[in-house]
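Q: Sharing a structure below in structure tokens format, with a few things to ask.
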Amino acid sequence: MEDRMQFDWIATYADIEDVLVPGLGLNAYDRSLYYHLLRHTRLKGKESAMFAIGPLSKATAISDFKVREVIRDLHHKGCLRIEERTRLGHLIFVLLPFEIPGLARPRTSEPPLDPLSIDFFANRQ
């Protein structure tokens, strides 16, 4: 529980929206399912969890067929790992943006200069 409190979920959310979604071209279905899976794994402090297609479909208001497609799509994009497939469901490990190899991070830019704070007469020769 303490580890969850120390983890910077605000920065993680920003990385999801600013890096993961545009970097991997996630659509609304991808985002919805990714957030649901993230909520029921990493946010609860679990490494992975078992998810059945039917309950996932009901929880996200996405058809069974589309849920299967989106899980495969997120797996191929590297957002999650399907660790096991059984009759009971899929054992899924959700990766956070910084854990996804090859995901381009935006460059940090320097803050803009404020011309009113610059002393143009200092250090003149």
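Numbering starts fresh at 1 for the residues of each chain in the structure tokens, the chains themselves are lettered A, B, ... in the order given, and ligands are numbered from 1 as they appear.
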Excluding Glu99 (chain A) and any residue of its chain fewer than 3 positions from it, enumerate the residues within 12 Å of it, using only C-alpha atoms, and give them as number ranges by chain.
A: A: 12, 15-16, 20, 78-81, 93-96, 102-105
Q: For region 22-39 of chain A, list every protein, DNA or RNA residue within 8 Å, evaluated using only C-alpha atoms, and leave out those in the same chain fewer than 5 positions away; present the list as a list in words.
A: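 Within the cut-off, the hits are Glu17, Lys44, Thr60, Ile62, Val67, Val70, Ile71, Asp73, Leu74, Lys77, Cys79, Val94, Leu103 and Ala104 of chain A.
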Q: Could those selected residues go to a file with N, CA, C and O atoms, as a tab-separated table (two decimals), in the first residue's frame?
A:
chain	number	residue	atom	x	y	z
A	17	GLU	N	-1.25	9.99	-21.47
A	17	GLU	CA	-1.92	10.88	-22.42
A	17	GLU	C	-0.95	11.57	-23.39
A	17	GLU	O	-1.27	11.76	-24.55
A	44	LYS	N	-3.83	-1.26	-8.06
A	44	LYS	CA	-4.09	-2.04	-6.84
A	44	LYS	C	-2.83	-2.68	-6.30
A	44	LYS	O	-2.88	-3.43	-5.34
A	60	THR	N	-16.65	-2.46	-19.53
A	60	THR	CA	-16.20	-1.39	-20.42
A	60	THR	C	-17.22	-1.01	-21.48
A	60	THR	O	-16.97	-0.09	-22.25
A	62	ILE	N	-18.00	-2.63	-24.11
A	62	ILE	CA	-17.43	-2.97	-25.41
A	62	ILE	C	-17.81	-4.42	-25.69
A	62	ILE	O	-17.77	-5.26	-24.79
A	67	VAL	N	-13.49	-6.60	-27.46
A	67	VAL	CA	-12.58	-6.73	-26.32
A	67	VAL	C	-11.43	-7.66	-26.68
A	67	VAL	O	-10.26	-7.35	-26.43
A	70	VAL	N	-9.12	-5.79	-29.06
A	70	VAL	CA	-8.37	-4.73	-28.39
A	70	VAL	C	-7.27	-5.30	-27.50
A	70	VAL	O	-6.15	-4.77	-27.46
A	71	ILE	N	-7.55	-6.39	-26.80
A	71	ILE	CA	-6.51	-7.03	-25.98
A	71	ILE	C	-5.34	-7.46	-26.86
A	71	ILE	O	-4.17	-7.22	-26.52
A	73	ASP	N	-4.54	-6.22	-29.76
A	73	ASP	CA	-3.93	-5.00	-30.28
A	73	ASP	C	-3.01	-4.37	-29.24
A	73	ASP	O	-1.87	-3.99	-29.55
A	74	LEU	N	-3.47	-4.26	-27.99
A	74	LEU	CA	-2.63	-3.69	-26.93
A	74	LEU	C	-1.41	-4.56	-26.66
A	74	LEU	O	-0.32	-4.05	-26.37
A	77	LYS	N	1.03	-3.88	-29.52
A	77	LYS	CA	1.61	-2.53	-29.39
A	77	LYS	C	2.57	-2.44	-28.20
A	77	LYS	O	3.29	-1.47	-28.07
A	79	CYS	N	1.65	-2.50	-24.87
A	79	CYS	CA	1.05	-1.88	-23.69
A	79	CYS	C	0.78	-2.89	-22.59
A	79	CYS	O	0.68	-2.53	-21.41
A	94	VAL	N	-0.04	-5.31	-17.21
A	94	VAL	CA	-0.13	-4.00	-17.86
A	94	VAL	C	1.18	-3.25	-17.65
A	94	VAL	O	1.65	-3.12	-16.53
A	103	LEU	N	9.39	3.42	-26.84
A	103	LEU	CA	8.38	4.47	-26.86
A	103	LEU	C	9.10	5.81	-26.75
A	103	LEU	O	9.81	6.07	-25.79
A	104	ALA	N	8.94	6.65	-27.77
A	104	ALA	CA	9.65	7.93	-27.83
A	104	ALA	C	9.12	8.88	-26.77
A	104	ALA	O	7.91	9.09	-26.66
Q: Any idea what's packed within 7 Å of region 50-52 of chain A, counting only C-alpha atoms, ignoring anything in its chain fewer than 4 positions away? Could you give it as number ranges by chain?
A: A: 56, 88-92
Q: Those same residues - N, CA, C and O atoms - I'd like them written as an mmCIF file, in the first residue's frame.
A:
data_model
loop_
_atom_site.group_PDB
_atom_site.id
_atom_site.type_symbol
_atom_site.label_atom_id
_atom_site.label_comp_id
_atom_site.auth_asym_id
_atom_site.auth_seq_id
_atom_site.Cartn_x
_atom_site.Cartn_y
_atom_site.Cartn_z
ATOM 1 N N LEU A 56 -15.119 -8.274 -18.758
ATOM 2 C CA LEU A 56 -14.449 -7.095 -19.321
ATOM 3 C C LEU A 56 -15.389 -6.354 -20.274
ATOM 4 O O LEU A 56 -15.436 -5.127 -20.284
ATOM 5 N N LEU A 88 -10.559 -19.752 -18.142
ATOM 6 C CA LEU A 88 -11.039 -18.754 -17.189
ATOM 7 C C LEU A 88 -10.792 -17.319 -17.639
ATOM 8 O O LEU A 88 -11.405 -16.401 -17.120
ATOM 9 N N GLY A 89 -9.866 -17.146 -18.553
ATOM 10 C CA GLY A 89 -9.570 -15.801 -19.054
ATOM 11 C C GLY A 89 -8.109 -15.630 -19.403
ATOM 12 O O GLY A 89 -7.391 -16.599 -19.606
ATOM 13 N N HIS A 90 -7.705 -14.381 -19.456
ATOM 14 C CA HIS A 90 -6.335 -14.020 -19.810
ATOM 15 C C HIS A 90 -5.625 -13.477 -18.565
ATOM 16 O O HIS A 90 -6.172 -12.607 -17.886
ATOM 17 N N LEU A 91 -4.423 -13.974 -18.308
ATOM 18 C CA LEU A 91 -3.589 -13.406 -17.261
ATOM 19 C C LEU A 91 -2.814 -12.274 -17.914
ATOM 20 O O LEU A 91 -2.011 -12.497 -18.822
ATOM 21 N N ILE A 92 -3.080 -11.037 -17.460
ATOM 22 C CA ILE A 92 -2.566 -9.851 -18.145
ATOM 23 C C ILE A 92 -1.683 -9.031 -17.221
ATOM 24 O O ILE A 92 -2.039 -8.777 -16.068
#
Q: To one decimal in Å, tell me the separation between CA of Asp64 (chain A) and CA of Pro101 (chain A).
A: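 Rounded to one decimal, the two atoms are 29.2 Å apart.
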Q: Would you please give, as a list in words, all residues of region 14-116 of chain A that DSSP assigns to strand (DSSP E) based on the backbone?
A: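 Everything in region 14-116 of chain A that counts as strand (DSSP E) is Ala49, Met50, Phe51, Leu80, Arg81, Ile82, Glu83, Glu84, Arg85, Thr86, Gly89, His90, Leu91, Ile92, Phe93 and Val94 of chain A.
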Q: One number please: CA of Glu47 (chain A) to CA of Glu84 (chain A), in Å, one decimal.
A: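 If I compute the distance from CA of Glu47 (chain A) to CA of Glu84 (chain A), I get 13.5 Å.
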Q: If I take CA of Pro55 (chain A) and CA of Val19 (chain A), how far is one from the other in Å, to one decimal?
A: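 So the answer is 28.9 Å.
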